[in-house]
Amino acid sequence: MTAIYNHLKFIARRWNRTSLLSAFIKGVVCGALPAALLLIVARFVPILYSKWIAAAIWLLCIVMFLIIRLRNRMTASSAAKLVDVELGDDAVRTALTLPEEQQLSMMGKHVVEHAVIAAERYRAELKQRIPWQRGWNARLWMSLMGLTIVIIGSLFIMPNEQDAVAKQMKEQESLIAELEEELQHTKDAVEQAELEEQDKEQLLASLDELLEQLDNKERLSLSHAEQLEEALKELKQLEQEKDQAVQRLEQLNDAMEREQSLQQLQQSLEAAKDMAKESQQQAVREALKQLTSEQADALAQLARELETAQAELANELGKAAEQLESDGALTDQDAEQLARQLSDLLSSNLSSSELSEAGNSLAQQLSDLSEALAGVDANLSDQLARAADEYKANEQEASQGSGTDANNDTTSNGSSDGEGDGADQEPDQGAGQGAGQGAGQGAGQGAGQGAGQGAGQGAGQGAGQGAGQGAGQGAGQGAGQGAGQGGGQGAGGTGAGSTPGQHATVTTPRIYEGESEPSVDGGPSTGGQISSGGVSPTVTGQQGNYSEVYREYESAAKDALQRSNLPAHMQNKVQQYFDSIQPD
Amino acid sequence: MEHTLQMEDAKHMIAELKQEVAKVIVGQEQVVEQLLWCMIAGGHALLEGIPGLGKTMLVRTVSDAMELEFSRIQFTPDLMPADITGTMLLDLSSHTQRFSKGPIFGNIVLADEINRATPKTQSALLEAMQEGTVTAGGESYTLPRPFFVLATQNPIEQEGTYSLPEAQLDRFLIKIGIQFPTRDELKEIVKRTTGVKHESARPVIDGKKLEALQQLAKQVLCSDDMLELAVSFVMRTHPHEQDAPEQIKQYVRYGAGPRALQALIAISRVRALTLGRAHVSWGDITYAAKPVLRHRLGLSYEALAQGIAADTLIEQIERTLEQQRAKV
């Protein structure tokens, strides 16, 4: 019987090995199906650790198949049945189930001998009877295994954009959880702190509001993830467009370099811009030099008040933090957190009440400052008038006015330049030649949303006197990527000259026809459009009586003052100016 | 090694018997084989076949080969039980009654066309088959040993016949169907029977050796697994059995009884012995199943109308059990 069992164990071992092999391959194939499904789904829906989960599912299926197979592994009696079924004479099982008394009988011995022979025969033919692919279609399963490994491997190797989205979602959730926890701690600390009831309620209300916002963010995390995914796609698209734009710009640059005339034009434009900037800076420096002591004091006072307000804010915050720390209910971290929140809260309170006072003060200071600047204008006008006197003997007068407009903001740029040239010949008694110069200033404002407006004024004085005005407008649009457009138009300034002393004749350029043809220099990614004004030629004027010209100018000035919203003191300045140049 | 030698002797003797019978009977190896199994198992056989297929010749040849006393009874409608068992006669010389033994007192009794006799006569024969005794005039007479009844019946001609009741059919260990000979066999039959020289079987074994073979066959081992399969085989002939095949449920009115299981194991043992094995195998059971069970299945009228044979249903059972057995 021992011999039979030995043979049977050998047979069972062989059977179990082949069964385990088949179970492993089937586990690989069957486990790959859910794993592949998960990886495919993870390419459309962000699933955190999808690759790890898929690998775990795969491994789990393989292990399950192996465990099931091990639980149903072949025993010696099963091997006996196998031998009996295959050989068809049922000797082995009969021998194994024989009672002891029958085993010793002649019939029993005969059966045992027969069983041993059968088992030996089966063992000798074991490789033929139990090949490794027995019981399963090896070719089919091996093919399926290869296919699934290729599919799963590809899904593992190919990068998945959803992984980054899932990771960010996870980070966002953890961050929200941390914030919630911190806020809860802070809330507890505030509840325990010895604060005034009103302050405490305010703090708690703001903390509850923050907690509610965090809950909303948590709920919206999925939609945020989708938005993030869309944003990633858009960024990718924008990157492609940027590359294309860069290519186009490079091509354009090459073309411009080749075009000599365009280069010259560019140089002249840049020179004009530099001149305008230089003159503008010079004018500001002059104005600052001529600030009176009162005006300087006002500015210093404003700076001091601002410093005081800042110190008060810091002091208040410090007091609140110390109070909470003295309660002992706060840790250092909580105290720091609360101090930050108090700072925000206090700053909001300050802006609503105390800052209104500071705003009034600032408005007053600004008013004083604007008056001082008006005085600067008057001084400048006087200086310009004196400069004009120096050129009164010139027969030829030339006046030039320029107006510049610069308009800068974060999203748009616009500029306009206008130039007006006027020339007049004066053959009369005070004749001589005069050359006129004009200086223009421009100030621009730009709105943050990409719209800008600018207005410029210029005053020029030549042999006589000249005044130039320029107006510019710029409009811009931007999307945060540095793309923008700007446009500007400028009208040429006007100039007029007079010859003080004799007041005989004066050049009055009556018609000023100006036309600017802005050239646009811009591109989709460099942002903005620059328009610079063209030359506004003046038409030769006429000579007339000084008093007539004066009256016309005075009446025009009055009309302009009535239409404009200039402050009274500025209007007085204008009136004083006209009084000083009265012919009588 | 005594048993082994006896088994070898038994195997040799059976093979020799087959050879002797084959000298006279052309073909019909399966019939001869089954008939010998039945006799070694100690049972009675019912041979079914059309007239002229050599049924009588077969039985006579077997009796010749076994050196056993042969008697033949031609069953007719007017045959009386006493014509079979024997009659009490008045002895005029001694003025006493004596029992005159009928033809049933033989070792091998050929009951030719048994279905032509009346049920009363049939039952007289069947009593002798079951009990091994004959009762006449208040006395019982033991039949000689070994005692075999080999009955024949014609399956086609049913007019004027009395079909054997199920209870009586169950007494036959096996039912052997005799098939029509092939062309070659027919030619051989003609050659052997129409010539001058007639072959005859010489005695190979006698009654004692046959009884020794019967005892040896009973010692053949049958494992519990095989017994379980044999029981399942018989149980599945019943239409109400849950595991019975659908055809059994549809076409069978009643299944085989306990005698069928006894017969199945007995025939399986003899077959194993014939093949030189000391244990019963599944092959033995399946081989014995058809002759043992085919006359024990009560087919429905639907099955008879559709010409469904009992052998087809038995094959169905065999297939279902084979699947169950093959599960490792």
# chains A, B, ... in the order shown; residues from 1 in each chain; ligands from 1
$ residues_around --residues "A:His114" --least-positions-apart "4" --cutoff "9 Å" --atoms "only C-alpha atoms" --output "count of residues only"
9
$ closest_atom_pairs --of "chain A" --to "chain B" --cutoff "10 Å" --atoms "only C-alpha atoms" --output "Markdown table"
| residue | atom | partner | partner_atom | distance |
| --- | --- | --- | --- | --- |
| A:Met74 | CA | B:Val328 | CA | 8.3 |
| A:Ser77 | CA | B:Val328 | CA | 9.7 |
| A:Ser78 | CA | B:Val328 | CA | 6.2 |
| A:Ala79 | CA | B:Val328 | CA | 8.0 |
| A:Ala80 | CA | B:Val328 | CA | 9.4 |
| A:Lys81 | CA | B:Val328 | CA | 6.7 |
| A:Leu82 | CA | B:Val328 | CA | 6.2 |
| A:Val83 | CA | B:Val328 | CA | 9.9 |
| A:Asp84 | CA | B:Ser281 | CA | 8.8 |
| A:Val85 | CA | B:Ala326 | CA | 6.4 |
| A:Glu86 | CA | B:Ala326 | CA | 8.8 |
| A:Gly88 | CA | B:Gly283 | CA | 6.9 |
| A:Asp89 | CA | B:Ser281 | CA | 5.0 |
| A:Asp90 | CA | B:Ser281 | CA | 5.2 |
| A:Ala91 | CA | B:His279 | CA | 6.9 |
| A:Arg93 | CA | B:Ser223 | CA | 7.6 |
| A:Thr94 | CA | B:Ser223 | CA | 5.0 |
| A:Ala95 | CA | B:Ser223 | CA | 8.2 |
| A:Leu96 | CA | B:Ser223 | CA | 9.3 |
| A:Thr97 | CA | B:Ser223 | CA | 6.8 |
| A:Leu98 | CA | B:Ser223 | CA | 7.4 |
| A:Gln102 | CA | B:Leu221 | CA | 8.9 |
| A:Ser105 | CA | B:His3 | CA | 9.2 |
| A:Met106 | CA | B:His3 | CA | 5.9 |
| A:Met107 | CA | B:Ala278 | CA | 5.8 |
| A:Gly108 | CA | B:Ala278 | CA | 7.7 |
| A:Lys109 | CA | B:Ala278 | CA | 9.2 |
| A:His110 | CA | B:Ala278 | CA | 6.4 |
| A:Val111 | CA | B:Ala278 | CA | 5.9 |
| A:Val112 | CA | B:Ala278 | CA | 9.6 |
| A:His114 | CA | B:Arg277 | CA | 8.2 |
$ write_last_selection --atoms "C-alpha atoms" --output "compact mmCIF listing (two decimals), in the first residue's frame"
# COMPACT_ATOMS: atom_id res chain seq x y z
CA MET A 74 -5.25 16.99 -5.37
CA SER A 77 -7.31 9.62 -2.94
CA SER A 78 -8.06 12.11 -5.72
CA ALA A 79 -5.00 10.85 -7.53
CA ALA A 80 -6.30 7.31 -7.09
CA LYS A 81 -9.53 8.30 -8.71
CA LEU A 82 -7.63 9.96 -11.51
CA VAL A 83 -5.62 6.83 -12.16
CA ASP A 84 -8.73 4.65 -12.03
CA VAL A 85 -10.65 6.89 -14.40
CA GLU A 86 -7.77 7.18 -16.83
CA GLY A 88 -10.44 2.36 -16.43
CA ASP A 89 -10.08 -0.64 -14.16
CA ASP A 90 -10.68 0.97 -10.75
CA ALA A 91 -8.03 -1.16 -9.07
CA ARG A 93 -9.41 2.89 -5.27
CA THR A 94 -10.58 -0.66 -4.64
CA ALA A 95 -7.20 -1.46 -3.12
CA LEU A 96 -7.18 1.71 -1.00
CA THR A 97 -10.67 1.03 0.38
CA LEU A 98 -10.09 -2.61 1.16
CA GLN A 102 -9.53 -8.47 2.81
CA SER A 105 -6.85 -12.43 1.41
CA MET A 106 -5.67 -13.76 -1.90
CA MET A 107 -8.23 -11.70 -3.76
CA GLY A 108 -7.11 -8.63 -1.81
CA LYS A 109 -3.47 -9.23 -2.60
CA HIS A 110 -4.36 -9.66 -6.21
CA VAL A 111 -6.17 -6.33 -6.19
CA VAL A 112 -3.26 -4.58 -4.49
CA HIS A 114 -3.03 -4.84 -9.77
$ residues_around --residues "stretch 294-303 of chain B" --least-positions-apart "4" --cutoff "7 Å" --atoms "only C-alpha atoms" --output "list in words"
Leu169, Asp170, Lys175, Tyr251, Val252, Arg253, Tyr254, Gly255, Ala256, Lys290, Gly307, Ile308, Ala310 and Asp311 of chain B
$ write_last_selection --atoms "N, CA, C and O atoms" --output "PDB file, in the first residue's frame"
ATOM      1  N   LEU B 169     -40.626 -11.566 -15.463  1.00  0.00           N
ATOM      2  CA  LEU B 169     -39.450 -11.137 -16.237  1.00  0.00           C
ATOM      3  C   LEU B 169     -38.263 -10.869 -15.314  1.00  0.00           C
ATOM      4  O   LEU B 169     -37.113 -11.103 -15.657  1.00  0.00           O
ATOM      5  N   ASP B 170     -38.584 -10.349 -14.104  1.00  0.00           N
ATOM      6  CA  ASP B 170     -37.536  -9.996 -13.156  1.00  0.00           C
ATOM      7  C   ASP B 170     -36.737 -11.219 -12.716  1.00  0.00           C
ATOM      8  O   ASP B 170     -35.615 -11.094 -12.211  1.00  0.00           O
ATOM      9  N   LYS B 175     -31.378 -10.416 -20.093  1.00  0.00           N
ATOM     10  CA  LYS B 175     -32.126 -10.613 -21.327  1.00  0.00           C
ATOM     11  C   LYS B 175     -31.156 -10.359 -22.478  1.00  0.00           C
ATOM     12  O   LYS B 175     -30.577  -9.278 -22.579  1.00  0.00           O
ATOM     13  N   TYR B 251     -40.040   8.545 -20.565  1.00  0.00           N
ATOM     14  CA  TYR B 251     -40.442   7.329 -21.283  1.00  0.00           C
ATOM     15  C   TYR B 251     -40.540   6.079 -20.412  1.00  0.00           C
ATOM     16  O   TYR B 251     -40.870   5.013 -20.919  1.00  0.00           O
ATOM     17  N   VAL B 252     -40.233   6.192 -19.157  1.00  0.00           N
ATOM     18  CA  VAL B 252     -40.231   4.989 -18.308  1.00  0.00           C
ATOM     19  C   VAL B 252     -41.370   5.080 -17.299  1.00  0.00           C
ATOM     20  O   VAL B 252     -41.562   6.098 -16.655  1.00  0.00           O
ATOM     21  N   ARG B 253     -42.113   3.976 -17.220  1.00  0.00           N
ATOM     22  CA  ARG B 253     -43.216   3.942 -16.240  1.00  0.00           C
ATOM     23  C   ARG B 253     -42.710   3.484 -14.878  1.00  0.00           C
ATOM     24  O   ARG B 253     -43.107   3.991 -13.854  1.00  0.00           O
ATOM     25  N   TYR B 254     -41.878   2.465 -14.892  1.00  0.00           N
ATOM     26  CA  TYR B 254     -41.297   1.994 -13.630  1.00  0.00           C
ATOM     27  C   TYR B 254     -39.886   1.512 -13.907  1.00  0.00           C
ATOM     28  O   TYR B 254     -39.552   1.108 -15.017  1.00  0.00           O
ATOM     29  N   GLY B 255     -39.082   1.544 -12.876  1.00  0.00           N
ATOM     30  CA  GLY B 255     -37.678   1.184 -13.044  1.00  0.00           C
ATOM     31  C   GLY B 255     -37.342  -0.195 -12.489  1.00  0.00           C
ATOM     32  O   GLY B 255     -38.228  -0.971 -12.133  1.00  0.00           O
ATOM     33  N   ALA B 256     -36.065  -0.436 -12.429  1.00  0.00           N
ATOM     34  CA  ALA B 256     -35.599  -1.749 -11.989  1.00  0.00           C
ATOM     35  C   ALA B 256     -35.637  -1.858 -10.467  1.00  0.00           C
ATOM     36  O   ALA B 256     -35.550  -0.866  -9.754  1.00  0.00           O
ATOM     37  N   LYS B 290     -26.851  -3.193 -19.752  1.00  0.00           N
ATOM     38  CA  LYS B 290     -27.896  -3.384 -20.769  1.00  0.00           C
ATOM     39  C   LYS B 290     -28.587  -4.755 -20.637  1.00  0.00           C
ATOM     40  O   LYS B 290     -29.826  -4.805 -20.558  1.00  0.00           O
ATOM     41  N   GLY B 307     -40.841   4.137 -30.654  1.00  0.00           N
ATOM     42  CA  GLY B 307     -39.796   3.158 -30.940  1.00  0.00           C
ATOM     43  C   GLY B 307     -38.531   3.356 -30.143  1.00  0.00           C
ATOM     44  O   GLY B 307     -37.432   3.017 -30.582  1.00  0.00           O
ATOM     45  N   ILE B 308     -38.695   3.901 -28.976  1.00  0.00           N
ATOM     46  CA  ILE B 308     -37.522   4.111 -28.132  1.00  0.00           C
ATOM     47  C   ILE B 308     -37.223   2.828 -27.370  1.00  0.00           C
ATOM     48  O   ILE B 308     -38.079   2.300 -26.654  1.00  0.00           O
ATOM     49  N   ALA B 310     -35.182   0.276 -24.726  1.00  0.00           N
ATOM     50  CA  ALA B 310     -34.669   0.388 -23.353  1.00  0.00           C
ATOM     51  C   ALA B 310     -33.157   0.615 -23.356  1.00  0.00           C
ATOM     52  O   ALA B 310     -32.638   1.321 -22.477  1.00  0.00           O
ATOM     53  N   ASP B 311     -32.485   0.020 -24.340  1.00  0.00           N
ATOM     54  CA  ASP B 311     -31.029   0.193 -24.396  1.00  0.00           C
ATOM     55  C   ASP B 311     -30.636   1.666 -24.544  1.00  0.00           C
ATOM     56  O   ASP B 311     -29.622   2.122 -23.968  1.00  0.00           O
TER      57      ASP B 311
END
$ atom_distance --atom1 "atom CA of A:Pro159" --atom2 "atom CA of A:Ile176"
27.8 Å
$ residues_around --residues "stretch 139-144 of chain B" --least-positions-apart "3" --cutoff "12 Å" --atoms "only C-alpha atoms" --output "PyMOL selection string"
chain B and resi 68-70+85-88+97-109+125+127-136+147-149+207-208
$ select_by_dssp --residues "stretch 62-225 of chain B" --states "strand (DSSP E or B)" --output "JSON, numbers by chain"
{"B": [70, 71, 72, 73, 74, 86, 87, 88, 89, 90, 91, 96, 97, 98, 99, 100, 101, 108, 109, 110, 111, 112, 133, 134, 135, 136, 139, 140, 141, 142, 148, 149, 150, 151, 152, 153, 174, 175, 176, 177, 221]}
$ atom_distance --atom1 "atom CA of B:Gly43" --atom2 "atom CA of B:Glu241"
27.9 Å
$ atom_distance --atom1 "atom CA of A:Val190" --atom2 "atom CA of A:Gln213"
19.1 Å
